[in-house]
Amino acid sequence: MNIGVEKVLQNPDWLTLVFVVIFGLLAILNAISPKRLFALGTCFFSKKYFLVYSNELTESNVFFYRALSLLQLLVGTLFVFLIFEKSGLVEDLSFLLFGQLFLLLTGYFFVQYALGLGVALLFGSPDLFKDYYLYKSSYLKAALLLCLPFLILLVYAFPESNFFYKLTLCCAMLCFSARWLLVVQGFNKRISRSGLFYFILYLCALEISPLLVFVKIAIE
């Protein structure tokens with residue numbers, strides 16, 4: 001465990017720079033639309049984001065959503081990077097690895113979206129996919145925002161604490177599990193009509209499979 005900690009602390013400049021960019025994006029998002037950002041961050045506990053802001057993708061706020069997507073990629077990459085470091089899955093813990101993970105995660109989300117949209121167009125249900133993608137992507141962004149404070153503490157406050165690392169993983173798993181429960185709950189009536197079996201099949205084919213491919217490529 002100490003070896004992994006030393007490898008991260010040998011690169012404080014670029015790792016700190018990543019956090020600076022993340023907080024810079026948060027500051028920009030908060031300056032553009034603080035109420036929308038707060039509604040997204042609390043969407044696990046309130047439906048306001050989906051009721052008020054979900055259909056506001058106009059030219060005036062398209063920058064907000066692009067910056068939000070970049071924030072999601074950076075926090076997600078940082079989360080995966082720290083898991084690799086703590087678990088000892090890779091030896092080269094450098095900025096190059098972080099960049100590779102960033103590109104892989106970007107490709108993962110793109111492929112996942114393209115496959116989902118293709119299946120939706122094939123079965124004539126693009127509107128259903130649009131609503132589903134909105135829910136799952138919004139909950140994912142909220143989950144990553146909730147995990148961000150744990151990542152900061154893990155790097156700077158408790159770098160050698162195995163307990164805090166496990167606590168961070170448990171909180172992340174709780175958020176991601178709640179994400180899928182809320183997505184299923186939000187589409188409960190639609191799933192009942194089209195069949196729960198096909199929804200589970202979709203999750204396995206277009207959600208879990210690309211994730212396994214991402215992990216395999218990242219480790220290799």
# chains A, B, ... in the order shown; residues from 1 in each chain; ligands from 1
>>> closest_atom_pairs(of="stretch 118-184 of chain A", to="stretch 58-76 of chain A", cutoff="9 Å", atoms="only C-alpha atoms", output="Markdown table")
| residue | atom | partner | partner_atom | distance |
| --- | --- | --- | --- | --- |
| A:Leu140 | CA | A:Gln72 | CA | 8.2 |
| A:Lys141 | CA | A:Gln72 | CA | 5.8 |
| A:Leu144 | CA | A:Val75 | CA | 6.5 |
| A:Leu145 | CA | A:Val75 | CA | 7.9 |
| A:Cys147 | CA | A:Val75 | CA | 8.6 |
| A:Leu148 | CA | A:Val75 | CA | 7.0 |
| A:Leu151 | CA | A:Val75 | CA | 8.9 |
>>> select_by_dssp(residues="stretch 21-169 of chain A", states="alpha helix (DSSP H)", output="ChimeraX atom specification")
/A:21-32,34-41,48,62-87,95-122,126-156,162-169
>>> write_last_selection(atoms="C-alpha atoms", output="mmCIF file, in the first residue's frame")
data_model
loop_
_atom_site.group_PDB
_atom_site.id
_atom_site.type_symbol
_atom_site.label_atom_id
_atom_site.label_comp_id
_atom_site.auth_asym_id
_atom_site.auth_seq_id
_atom_site.Cartn_x
_atom_site.Cartn_y
_atom_site.Cartn_z
ATOM 1 C CA VAL A 21 -9.241 22.197 -13.402
ATOM 2 C CA ILE A 22 -12.122 20.336 -11.760
ATOM 3 C CA PHE A 23 -12.789 23.156 -9.300
ATOM 4 C CA GLY A 24 -12.360 25.685 -12.096
ATOM 5 C CA LEU A 25 -15.103 23.948 -14.054
ATOM 6 C CA LEU A 26 -17.293 23.857 -10.953
ATOM 7 C CA ALA A 27 -16.760 27.597 -10.479
ATOM 8 C CA ILE A 28 -17.680 28.280 -14.115
ATOM 9 C CA LEU A 29 -20.791 26.098 -13.895
ATOM 10 C CA ASN A 30 -21.824 27.771 -10.677
ATOM 11 C CA ALA A 31 -21.316 31.206 -12.235
ATOM 12 C CA ILE A 32 -23.377 30.297 -15.317
ATOM 13 C CA PRO A 34 -25.984 28.012 -9.796
ATOM 14 C CA LYS A 35 -29.579 26.849 -9.417
ATOM 15 C CA ARG A 36 -29.250 24.318 -12.235
ATOM 16 C CA LEU A 37 -25.983 22.980 -10.824
ATOM 17 C CA PHE A 38 -27.470 22.676 -7.324
ATOM 18 C CA ALA A 39 -30.551 20.912 -8.705
ATOM 19 C CA LEU A 40 -28.327 18.415 -10.521
ATOM 20 C CA GLY A 41 -26.183 17.799 -7.452
ATOM 21 C CA LYS A 48 -36.551 19.438 -9.538
ATOM 22 C CA VAL A 62 -25.120 24.405 -24.329
ATOM 23 C CA PHE A 63 -21.732 25.489 -22.917
ATOM 24 C CA PHE A 64 -22.999 24.568 -19.446
ATOM 25 C CA TYR A 65 -23.702 20.985 -20.492
ATOM 26 C CA ARG A 66 -20.421 20.639 -22.387
ATOM 27 C CA ALA A 67 -18.478 21.845 -19.367
ATOM 28 C CA LEU A 68 -20.537 19.479 -17.205
ATOM 29 C CA SER A 69 -19.630 16.553 -19.458
ATOM 30 C CA LEU A 70 -15.938 17.468 -19.237
ATOM 31 C CA LEU A 71 -16.271 17.635 -15.448
ATOM 32 C CA GLN A 72 -17.854 14.179 -15.458
ATOM 33 C CA LEU A 73 -14.977 12.756 -17.498
ATOM 34 C CA LEU A 74 -12.302 14.298 -15.285
ATOM 35 C CA VAL A 75 -13.849 13.145 -12.001
ATOM 36 C CA GLY A 76 -14.614 9.716 -13.455
ATOM 37 C CA THR A 77 -11.052 9.330 -14.719
ATOM 38 C CA LEU A 78 -9.662 10.441 -11.369
ATOM 39 C CA PHE A 79 -11.860 7.899 -9.590
ATOM 40 C CA VAL A 80 -10.698 5.044 -11.845
ATOM 41 C CA PHE A 81 -7.073 6.176 -11.579
ATOM 42 C CA LEU A 82 -7.163 6.120 -7.767
ATOM 43 C CA ILE A 83 -8.767 2.673 -7.783
ATOM 44 C CA PHE A 84 -5.952 1.408 -10.012
ATOM 45 C CA GLU A 85 -3.381 3.001 -7.720
ATOM 46 C CA LYS A 86 -4.816 1.642 -4.475
ATOM 47 C CA SER A 87 -5.476 -1.844 -5.814
ATOM 48 C CA PHE A 95 0.026 11.531 -16.079
ATOM 49 C CA LEU A 96 0.288 9.473 -19.268
ATOM 50 C CA LEU A 97 -1.834 6.759 -17.656
ATOM 51 C CA PHE A 98 -4.339 9.391 -16.536
ATOM 52 C CA GLY A 99 -4.548 10.717 -20.086
ATOM 53 C CA GLN A 100 -5.032 7.224 -21.482
ATOM 54 C CA LEU A 101 -7.791 6.532 -18.980
ATOM 55 C CA PHE A 102 -9.427 9.847 -19.894
ATOM 56 C CA LEU A 103 -9.465 8.926 -23.585
ATOM 57 C CA LEU A 104 -10.713 5.409 -22.836
ATOM 58 C CA LEU A 105 -13.515 6.736 -20.653
ATOM 59 C CA THR A 106 -14.466 9.251 -23.345
ATOM 60 C CA GLY A 107 -14.593 6.445 -25.901
ATOM 61 C CA TYR A 108 -16.591 4.272 -23.502
ATOM 62 C CA PHE A 109 -19.327 6.898 -23.065
ATOM 63 C CA PHE A 110 -19.395 7.625 -26.800
ATOM 64 C CA VAL A 111 -19.705 3.957 -27.774
ATOM 65 C CA GLN A 112 -22.317 3.370 -25.082
ATOM 66 C CA TYR A 113 -24.407 6.292 -26.334
ATOM 67 C CA ALA A 114 -24.039 5.315 -29.986
ATOM 68 C CA LEU A 115 -25.060 1.703 -29.325
ATOM 69 C CA GLY A 116 -28.036 2.761 -27.234
ATOM 70 C CA LEU A 117 -29.209 5.257 -29.842
ATOM 71 C CA GLY A 118 -28.764 2.690 -32.599
ATOM 72 C CA VAL A 119 -30.900 0.142 -30.758
ATOM 73 C CA ALA A 120 -33.525 2.808 -30.014
ATOM 74 C CA LEU A 121 -33.728 3.828 -33.681
ATOM 75 C CA LEU A 122 -33.903 0.184 -34.705
ATOM 76 C CA PRO A 126 -35.768 7.372 -29.840
ATOM 77 C CA ASP A 127 -37.892 9.450 -27.426
ATOM 78 C CA LEU A 128 -37.756 6.701 -24.813
ATOM 79 C CA PHE A 129 -33.983 6.479 -25.196
ATOM 80 C CA LYS A 130 -33.658 10.252 -24.882
ATOM 81 C CA ASP A 131 -35.516 10.243 -21.559
ATOM 82 C CA TYR A 132 -33.633 7.187 -20.328
ATOM 83 C CA TYR A 133 -30.242 8.664 -21.246
ATOM 84 C CA LEU A 134 -31.139 11.927 -19.528
ATOM 85 C CA TYR A 135 -31.970 10.124 -16.298
ATOM 86 C CA LYS A 136 -28.964 7.803 -16.205
ATOM 87 C CA SER A 137 -26.414 10.448 -17.259
ATOM 88 C CA SER A 138 -27.778 13.024 -14.807
ATOM 89 C CA TYR A 139 -27.659 10.574 -11.905
ATOM 90 C CA LEU A 140 -24.119 9.579 -12.906
ATOM 91 C CA LYS A 141 -22.958 13.197 -12.853
ATOM 92 C CA ALA A 142 -24.609 13.694 -9.467
ATOM 93 C CA ALA A 143 -22.984 10.527 -8.108
ATOM 94 C CA LEU A 144 -19.538 11.682 -9.219
ATOM 95 C CA LEU A 145 -20.089 15.100 -7.640
ATOM 96 C CA LEU A 146 -20.996 13.387 -4.369
ATOM 97 C CA CYS A 147 -17.851 11.243 -4.595
ATOM 98 C CA LEU A 148 -15.549 14.211 -5.311
ATOM 99 C CA PRO A 149 -15.052 15.245 -1.641
ATOM 100 C CA PHE A 150 -14.071 11.654 -0.795
ATOM 101 C CA LEU A 151 -11.485 11.660 -3.601
ATOM 102 C CA ILE A 152 -9.966 14.893 -2.320
ATOM 103 C CA LEU A 153 -9.699 13.532 1.215
ATOM 104 C CA LEU A 154 -8.326 10.249 -0.090
ATOM 105 C CA VAL A 155 -5.475 12.009 -1.892
ATOM 106 C CA TYR A 156 -4.587 14.789 0.535
ATOM 107 C CA ASN A 162 -7.057 1.655 3.830
ATOM 108 C CA PHE A 163 -10.237 2.191 5.856
ATOM 109 C CA PHE A 164 -10.993 5.523 4.162
ATOM 110 C CA TYR A 165 -10.302 3.987 0.757
ATOM 111 C CA LYS A 166 -12.849 1.253 1.471
ATOM 112 C CA LEU A 167 -15.256 3.872 2.803
ATOM 113 C CA THR A 168 -14.893 5.811 -0.452
ATOM 114 C CA LEU A 169 -15.610 2.665 -2.474
#
>>> closest_residue(among="A:Phe123, A:Phe158, A:Tyr49, A:Phe44", to="A:Leu182", atoms="only C-alpha atoms")
A:Phe44
>>> atom_distance(atom1="atom CA of A:Gly186", atom2="atom CA of A:Phe50")
10.7 Å
>>> atom_distance(atom1="atom CA of A:Ser161", atom2="atom CA of A:Phe19")
20.3 Å
>>> decode(residues="stretch 20-39 of chain A", atoms="N, CA and C atoms", output="mmCIF file, in the first residue's frame")
data_model
loop_
_atom_site.group_PDB
_atom_site.id
_atom_site.type_symbol
_atom_site.label_atom_id
_atom_site.label_comp_id
_atom_site.auth_asym_id
_atom_site.auth_seq_id
_atom_site.Cartn_x
_atom_site.Cartn_y
_atom_site.Cartn_z
ATOM 1 N N VAL A 20 -7.422 21.379 -9.696
ATOM 2 C CA VAL A 20 -7.622 22.795 -9.993
ATOM 3 C C VAL A 20 -8.562 22.965 -11.189
ATOM 4 N N VAL A 21 -8.364 22.140 -12.226
ATOM 5 C CA VAL A 21 -9.241 22.197 -13.402
ATOM 6 C C VAL A 21 -10.666 21.810 -13.020
ATOM 7 N N ILE A 22 -10.795 20.781 -12.196
ATOM 8 C CA ILE A 22 -12.122 20.336 -11.760
ATOM 9 C C ILE A 22 -12.853 21.453 -11.013
ATOM 10 N N PHE A 23 -12.155 22.083 -10.061
ATOM 11 C CA PHE A 23 -12.789 23.156 -9.300
ATOM 12 C C PHE A 23 -13.000 24.401 -10.156
ATOM 13 N N GLY A 24 -12.138 24.592 -11.161
ATOM 14 C CA GLY A 24 -12.360 25.685 -12.096
ATOM 15 C C GLY A 24 -13.647 25.489 -12.889
ATOM 16 N N LEU A 25 -13.867 24.261 -13.336
ATOM 17 C CA LEU A 25 -15.103 23.948 -14.054
ATOM 18 C C LEU A 25 -16.328 24.124 -13.156
ATOM 19 N N LEU A 26 -16.193 23.681 -11.899
ATOM 20 C CA LEU A 26 -17.293 23.857 -10.953
ATOM 21 C C LEU A 26 -17.604 25.338 -10.743
ATOM 22 N N ALA A 27 -16.565 26.154 -10.658
ATOM 23 C CA ALA A 27 -16.760 27.597 -10.479
ATOM 24 C C ALA A 27 -17.457 28.208 -11.688
ATOM 25 N N ILE A 28 -17.056 27.777 -12.879
ATOM 26 C CA ILE A 28 -17.680 28.280 -14.115
ATOM 27 C C ILE A 28 -19.147 27.866 -14.176
ATOM 28 N N LEU A 29 -19.419 26.591 -13.876
ATOM 29 C CA LEU A 29 -20.791 26.098 -13.895
ATOM 30 C C LEU A 29 -21.656 26.827 -12.877
ATOM 31 N N ASN A 30 -21.080 27.069 -11.719
ATOM 32 C CA ASN A 30 -21.824 27.771 -10.677
ATOM 33 C C ASN A 30 -22.080 29.228 -11.060
ATOM 34 N N ALA A 31 -21.139 29.826 -11.789
ATOM 35 C CA ALA A 31 -21.316 31.206 -12.235
ATOM 36 C C ALA A 31 -22.373 31.301 -13.334
ATOM 37 N N ILE A 32 -22.421 30.287 -14.209
ATOM 38 C CA ILE A 32 -23.377 30.297 -15.317
ATOM 39 C C ILE A 32 -24.797 30.060 -14.821
ATOM 40 N N SER A 33 -24.959 29.014 -14.014
ATOM 41 C CA SER A 33 -26.301 28.659 -13.547
ATOM 42 C C SER A 33 -26.214 27.920 -12.212
ATOM 43 N N PRO A 34 -26.117 28.659 -11.100
ATOM 44 C CA PRO A 34 -25.984 28.012 -9.796
ATOM 45 C C PRO A 34 -27.190 27.156 -9.414
ATOM 46 N N LYS A 35 -28.381 27.610 -9.774
ATOM 47 C CA LYS A 35 -29.579 26.849 -9.417
ATOM 48 C C LYS A 35 -29.641 25.520 -10.173
ATOM 49 N N ARG A 36 -29.242 25.550 -11.449
ATOM 50 C CA ARG A 36 -29.250 24.318 -12.235
ATOM 51 C C ARG A 36 -28.210 23.336 -11.704
ATOM 52 N N LEU A 37 -27.030 23.837 -11.360
ATOM 53 C CA LEU A 37 -25.983 22.980 -10.824
ATOM 54 C C LEU A 37 -26.401 22.380 -9.482
ATOM 55 N N PHE A 38 -27.010 23.182 -8.625
ATOM 56 C CA PHE A 38 -27.470 22.676 -7.324
ATOM 57 C C PHE A 38 -28.570 21.632 -7.512
ATOM 58 N N ALA A 39 -29.474 21.872 -8.456
ATOM 59 C CA ALA A 39 -30.551 20.912 -8.705
ATOM 60 C C ALA A 39 -29.996 19.584 -9.199
#
